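Have a look at the structure below, then the notes.
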Protein chains: 2
Amino acid sequence: MLKTHLKNSKEYQPGLSIDCVIFGFDDNQLKVLLIKTGYDDSWSLPGGFISVDEDIDTAAVSILQARTGLKGIFLRQFSTFGKVKRNQDHFSSDSLAYFGIPPEEVKWYKSRFVTIGYYALVNFLKAIPQTDNPGEMVEWVDHNEVPKLILDHGEILDKALETLRTELNLMPVGYNLLPEKFTIPELQKLYETILGRTLDRRNFLRKITSIGILTKLDEKKSNVAHKAPNLYSFDKDKYEEVLKNGLTQGW
Amino acid sequence: MLKTHLKNSKEYQPGLSIDCVIFGFDDNQLKVLLIKTGYDDSWSLPGGFISVDEDIDTAAVSILQARTGLKGIFLRQFSTFGKVKRNQDHFSSDSLAYFGIPPEEVKWYKSRFVTIGYYALVNFLKAIPQTDNPGEMVEWVDHNEVPKLILDHGEILDKALETLRTELNLMPVGYNLLPEKFTIPELQKLYETILGRTLDRRNFLRKITSIGILTKLDEKKSNVAHKAPNLYSFDKDKYEEVLKNGLTQGW
DNA sequence: AATGCAATGCGTTAATATGACGCAATGTAC
DNA sequence: GTACATTGCGTCATATTAACGCATTGCATT
């Protein structure tokens, strides 16, 4: 979060940062990419600063790429957080010394920060979590088992999930989170995990196929217990079209 | 936009501003509160800066109150705009001199700004548009007749309306925009104006009353041509409840 | 190889919601 | 009094949703 963009504070938009809630889906679980600082083992969302000559969306893309190695993925701004107390006393003098921040830059870090929240949907298998500072750890954490996060990052995460939940009613989800070939039950699990409730299997199938974004493959999933489910892929063109025009019906 | 908050740039969050899209409803038209600068007759959204010791939401409330005299009204953050070029070359040296900005503050105004967009729904009759700088004009403009706005304010306005349109499917609207007593046809006009399309009169009545947020008054609108429509008011408690829990159905 | 079992895939039905109208009642204007 | 635009309530066909039945599949066990 620090070094990722640290060159000289003068090059950065003062008092403004970006935090990303990066969602992945694996083992039928919705996961979030979190960072554990080497300094005090505290957990946080991946974030960074914005160059003065950089669009905020571009800065968000950079952060995402720096942390997952991925670009061109689903990334959406959802809210900006700007309570006065949100980062009060976050950077202690000790911590800034630990991160090697020179004295003349200290004031910059200690000033009041507003952060712009983005959430991303990424393919768990393709993302390669990348550390940035020594001693740091970057990990996928089940969204139900997120530890206490620094500052208001917990609140930011909650809002991201709430937004995703709402937007599930307005757009299709899955293209960015699932592998190329997937089964309907897998897609259903994804929806259920995001929504936090179960859906009827048979109604889900009917509804999701009626959208017209799925292509049924002439292939079944192998090496599974019980009846092998059919494999599907997304029809990218139709998917994009529905993404743009929006769904008419919710879940 | 300038003087509203101008005391000393050091007291303000640098590079960050707030712009408000204030919607009102009158004469069956959706209106937007706009400001015409005395300097060059350019139109803009009402906006302002954020004190370093002020929550961004609080700053938005202040701006709204400064421009309408209203507080405790519906105000919602919808997006943050941060393209590098969005305010490039906006404040010419001439304009800053016109506004009486001292030389040492010029750099602050010329730096790159990110702006947080809020939209508000206010009661047209209760709002009292207030100017802030000499020569300035504050006016309600029909949302279909908005003139060219400065910077990316046109884009901000469009996004606000788009957001309102989407949120109409998730929450009830009207309590903040209509007078205490109103008719169903008036409420319908409001919905139609926001959505930009007509709705069937009879179906609208059925749907809006089924939500359970309306109280039918034992009173009819007077001084109207043709059959006098019944007056209604919102059931505040139920309205708030639905606002919180969300609608299940859209329009 | 036969059987059990858990999960899949497709179908049915009742309840509910939606969209498109019909029509009588109302209150002003002439 | 009559015309007329508008309101308020109702009807009906169709679409959508929710809840569930049941045969099929293919691995696991025996």
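FYI, nothing fancy with the structure tokens labels: chains A, B, ... in order, residues from 1 per chain, ligands from 1 as they appear.
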
Could you give me, as a tab-separated table, a per-residue list for chain A showing, wherever an atom lies at most 7 Å from an atom of chain D, the closest pair of atoms and their distance in Å to one decimal, using only C-alpha atoms (C1' of nucleotides) and sorting by chain then residue number from low to high?
```
residue	atom	partner	partner_atom	distance
A:Ala225	CA	D:DC27	C1'	5.3
A:His226	CA	D:DC27	C1'	5.1
A:Lys227	CA	D:DT25	C1'	4.8
A:Ala228	CA	D:DG26	C1'	6.7
```

Secondary structure check, alpha helix (DSSP H) residues of range 136-165 of chain B, as a PyMOL selection string: chain B and resi 153-165

Mind checking which residues fall within 9 Å of Lys36 in chain B, counting only C-alpha atoms (C1' of nucleotides), ignoring those fewer than 2 positions away in the same chain, and posting them as a PDB file with N, CA and C atoms, in the first residue's frame?
```pdb
ATOM      1  N   LEU B  34     -29.118  25.170 -10.720  1.00  0.00           N
ATOM      2  CA  LEU B  34     -27.844  25.491 -11.354  1.00  0.00           C
ATOM      3  C   LEU B  34     -27.388  26.895 -10.992  1.00  0.00           C
ATOM      4  N   GLY B  38     -21.195  35.136 -12.238  1.00  0.00           N
ATOM      5  CA  GLY B  38     -21.221  36.506 -12.711  1.00  0.00           C
ATOM      6  C   GLY B  38     -20.030  36.797 -13.602  1.00  0.00           C
ATOM      7  N   TYR B  39     -18.966  36.018 -13.436  1.00  0.00           N
ATOM      8  CA  TYR B  39     -17.722  36.279 -14.155  1.00  0.00           C
ATOM      9  C   TYR B  39     -17.857  36.129 -15.663  1.00  0.00           C
ATOM     10  N   ASP B  40     -18.354  34.961 -16.080  1.00  0.00           N
ATOM     11  CA  ASP B  40     -18.425  34.745 -17.529  1.00  0.00           C
ATOM     12  C   ASP B  40     -19.746  34.098 -17.967  1.00  0.00           C
ATOM     13  N   ASP B  41     -20.751  34.208 -17.083  1.00  0.00           N
ATOM     14  CA  ASP B  41     -22.067  33.667 -17.419  1.00  0.00           C
ATOM     15  C   ASP B  41     -22.072  32.167 -17.686  1.00  0.00           C
ATOM     16  N   SER B  42     -21.045  31.475 -17.244  1.00  0.00           N
ATOM     17  CA  SER B  42     -21.040  30.028 -17.438  1.00  0.00           C
ATOM     18  C   SER B  42     -21.898  29.371 -16.358  1.00  0.00           C
ATOM     19  N   TRP B  43     -22.485  28.239 -16.712  1.00  0.00           N
ATOM     20  CA  TRP B  43     -23.341  27.526 -15.787  1.00  0.00           C
ATOM     21  C   TRP B  43     -22.594  26.371 -15.131  1.00  0.00           C
ATOM     22  N   SER B  44     -22.931  26.126 -13.873  1.00  0.00           N
ATOM     23  CA  SER B  44     -22.289  25.004 -13.189  1.00  0.00           C
ATOM     24  C   SER B  44     -23.215  24.427 -12.135  1.00  0.00           C
ATOM     25  N   LEU B  45     -22.832  23.276 -11.640  1.00  0.00           N
ATOM     26  CA  LEU B  45     -23.535  22.680 -10.512  1.00  0.00           C
ATOM     27  C   LEU B  45     -23.084  23.385  -9.242  1.00  0.00           C
ATOM     28  N   GLY B 135     -23.136  38.980  -8.441  1.00  0.00           N
ATOM     29  CA  GLY B 135     -23.338  38.789  -9.875  1.00  0.00           C
ATOM     30  C   GLY B 135     -23.795  37.391 -10.226  1.00  0.00           C
ATOM     31  N   GLU B 136     -23.774  36.526  -9.244  1.00  0.00           N
ATOM     32  CA  GLU B 136     -24.129  35.128  -9.460  1.00  0.00           C
ATOM     33  C   GLU B 136     -25.641  34.975  -9.553  1.00  0.00           C
ATOM     34  N   MET B 137     -26.080  33.943 -10.269  1.00  0.00           N
ATOM     35  CA  MET B 137     -27.499  33.635 -10.293  1.00  0.00           C
ATOM     36  C   MET B 137     -27.700  32.170  -9.975  1.00  0.00           C
ATOM     37  N   VAL B 138     -28.721  31.893  -9.174  1.00  0.00           N
ATOM     38  CA  VAL B 138     -29.040  30.509  -8.845  1.00  0.00           C
ATOM     39  C   VAL B 138     -30.432  30.232  -9.366  1.00  0.00           C
ATOM     40  N   GLU B 139     -30.558  29.254 -10.219  1.00  0.00           N
ATOM     41  CA  GLU B 139     -31.851  29.026 -10.866  1.00  0.00           C
ATOM     42  C   GLU B 139     -32.231  27.565 -10.996  1.00  0.00           C
TER      43      GLU B 139
END
```

Taking a cut-off of 8 Å and counting only C-alpha atoms (C1' of nucleotides), can you build a table that, for each residue of chain C near chain A, reports the nearest atom pair and how far apart they are in Å (one decimal), sorted by chain then residue number, as CSV?
```
residue,atom,partner,partner_atom,distance
C:DA6,C1',A:His226,CA,6.1
C:DA7,C1',A:His226,CA,5.8
C:DT8,C1',A:Lys227,CA,6.0
```

Check: which chain A residues lie within 6 Å of chain B using only C-alpha atoms, as a ChimeraX atom specification: /A:53-56,82-84

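By chain and then residue number, the residues within 12 Å of Asn245 in chain B are Thr166 of chain A; Leu170, Met171, Pro172, Lys238, Tyr239, Glu240, Glu241, Val242, Leu243, Leu247 and Thr248 of chain B, counting only C-alpha atoms (C1' of nucleotides) and disregarding those fewer than 2 positions away in sequence.
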
Just the selected residues (C-alpha atoms), exported as an mmCIF file, in the first residue's frame, please.
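What landed in out-v7.cif:
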```cif
data_model
loop_
_atom_site.group_PDB
_atom_site.id
_atom_site.type_symbol
_atom_site.label_atom_id
_atom_site.label_comp_id
_atom_site.auth_asym_id
_atom_site.auth_seq_id
_atom_site.Cartn_x
_atom_site.Cartn_y
_atom_site.Cartn_z
ATOM 1 C CA THR A 166 -27.515 -4.978 -5.490
ATOM 2 C CA LEU B 170 -34.841 -0.042 -5.412
ATOM 3 C CA MET B 171 -36.476 2.606 -3.305
ATOM 4 C CA PRO B 172 -39.572 4.787 -3.224
ATOM 5 C CA LYS B 238 -43.577 2.831 6.233
ATOM 6 C CA TYR B 239 -41.776 4.989 3.705
ATOM 7 C CA GLU B 240 -38.604 4.915 5.767
ATOM 8 C CA GLU B 241 -38.980 1.210 6.253
ATOM 9 C CA VAL B 242 -39.245 0.558 2.530
ATOM 10 C CA LEU B 243 -36.361 2.963 1.896
ATOM 11 C CA LEU B 247 -38.340 -2.484 -3.079
ATOM 12 C CA THR B 248 -38.557 -5.915 -4.584
#
```

Quick one: residues within 10 Å of Asn203 in chain B, only C-alpha atoms (C1' of nucleotides), excluding same-chain residues fewer than 6 positions away - as a compact mmCIF listing (two decimals) with N, CA and C atoms (P, O5', C5', C4', C3', O3' and C1' of nucleotides), in the first residue's frame?
```txt
# COMPACT_ATOMS: atom_id res chain seq x y z
P DT C 18 -45.14 -6.38 -10.62
O5' DT C 18 -45.66 -6.55 -12.12
C5' DT C 18 -44.89 -7.34 -13.03
C4' DT C 18 -45.51 -7.28 -14.40
C3' DT C 18 -45.81 -5.86 -14.88
O3' DT C 18 -45.14 -5.67 -16.11
C1' DT C 18 -47.70 -7.28 -15.17
P DG C 19 -45.11 -4.20 -16.80
O5' DG C 19 -46.21 -4.37 -17.94
C5' DG C 19 -46.17 -5.51 -18.79
C4' DG C 19 -47.36 -5.48 -19.72
C3' DG C 19 -47.72 -4.10 -20.27
O3' DG C 19 -47.99 -4.25 -21.65
C1' DG C 19 -49.61 -5.03 -19.18
P DA C 20 -48.31 -2.97 -22.56
O5' DA C 20 -49.86 -3.11 -22.85
C5' DA C 20 -50.39 -4.37 -23.27
C4' DA C 20 -51.90 -4.29 -23.34
C3' DA C 20 -52.44 -2.94 -23.81
O3' DA C 20 -53.49 -3.15 -24.75
C1' DA C 20 -53.44 -3.55 -21.78
```

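Residues of range 182-226 of chain B that DSSP, applied to the backbone, places in strand (DSSP E): Phe182, Thr183, Leu214, Thr215, Lys216, Leu217, Asp218, Glu219 and Lys220 of chain B.
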
Distance in Å - CA of Glu219 in chain A versus CA of Tyr232 in chain A: 8.3 Å

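Note that CA of Ala120 in chain A and CA of Ala66 in chain A are 13.3 Å apart.
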
Contacts of Ile73 in chain A at 10 Å (only C-alpha atoms (C1' of nucleotides); same-chain gap of 4+ positions) as a PyMOL selection string: chain A and resi 61+64-65+120-123+175-177

What would the file look like if the residues just selected were written as an mmCIF file, in the first residue's frame with N, CA and C atoms?
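selection33.cif written:
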```
data_model
loop_
_atom_site.group_PDB
_atom_site.id
_atom_site.type_symbol
_atom_site.label_atom_id
_atom_site.label_comp_id
_atom_site.auth_asym_id
_atom_site.auth_seq_id
_atom_site.Cartn_x
_atom_site.Cartn_y
_atom_site.Cartn_z
ATOM 1 N N VAL A 61 -6.830 0.635 -11.712
ATOM 2 C CA VAL A 61 -6.381 -0.456 -12.576
ATOM 3 C C VAL A 61 -4.937 -0.832 -12.234
ATOM 4 N N LEU A 64 -4.753 -2.808 -8.992
ATOM 5 C CA LEU A 64 -5.248 -4.150 -9.240
ATOM 6 C C LEU A 64 -4.197 -4.993 -9.944
ATOM 7 N N GLN A 65 -3.582 -4.391 -10.935
ATOM 8 C CA GLN A 65 -2.575 -5.130 -11.689
ATOM 9 C C GLN A 65 -1.356 -5.436 -10.823
ATOM 10 N N ALA A 120 -13.432 -5.284 -7.520
ATOM 11 C CA ALA A 120 -13.041 -5.997 -8.729
ATOM 12 C C ALA A 120 -13.507 -7.436 -8.647
ATOM 13 N N LEU A 121 -13.822 -8.004 -9.782
ATOM 14 C CA LEU A 121 -14.164 -9.420 -9.858
ATOM 15 C C LEU A 121 -13.092 -10.079 -10.716
ATOM 16 N N VAL A 122 -12.364 -10.999 -10.129
ATOM 17 C CA VAL A 122 -11.260 -11.599 -10.882
ATOM 18 C C VAL A 122 -11.310 -13.121 -10.861
ATOM 19 N N ASN A 123 -10.704 -13.680 -11.847
ATOM 20 C CA ASN A 123 -10.588 -15.125 -11.936
ATOM 21 C C ASN A 123 -9.519 -15.594 -10.947
ATOM 22 N N TYR A 175 -18.729 -14.043 -15.451
ATOM 23 C CA TYR A 175 -17.700 -14.076 -16.491
ATOM 24 C C TYR A 175 -16.322 -13.801 -15.924
ATOM 25 N N ASN A 176 -16.290 -12.884 -14.978
ATOM 26 C CA ASN A 176 -15.008 -12.459 -14.437
ATOM 27 C C ASN A 176 -14.525 -13.335 -13.295
ATOM 28 N N LEU A 177 -15.445 -14.098 -12.724
ATOM 29 C CA LEU A 177 -15.104 -14.852 -11.512
ATOM 30 C C LEU A 177 -14.879 -16.331 -11.755
#
```
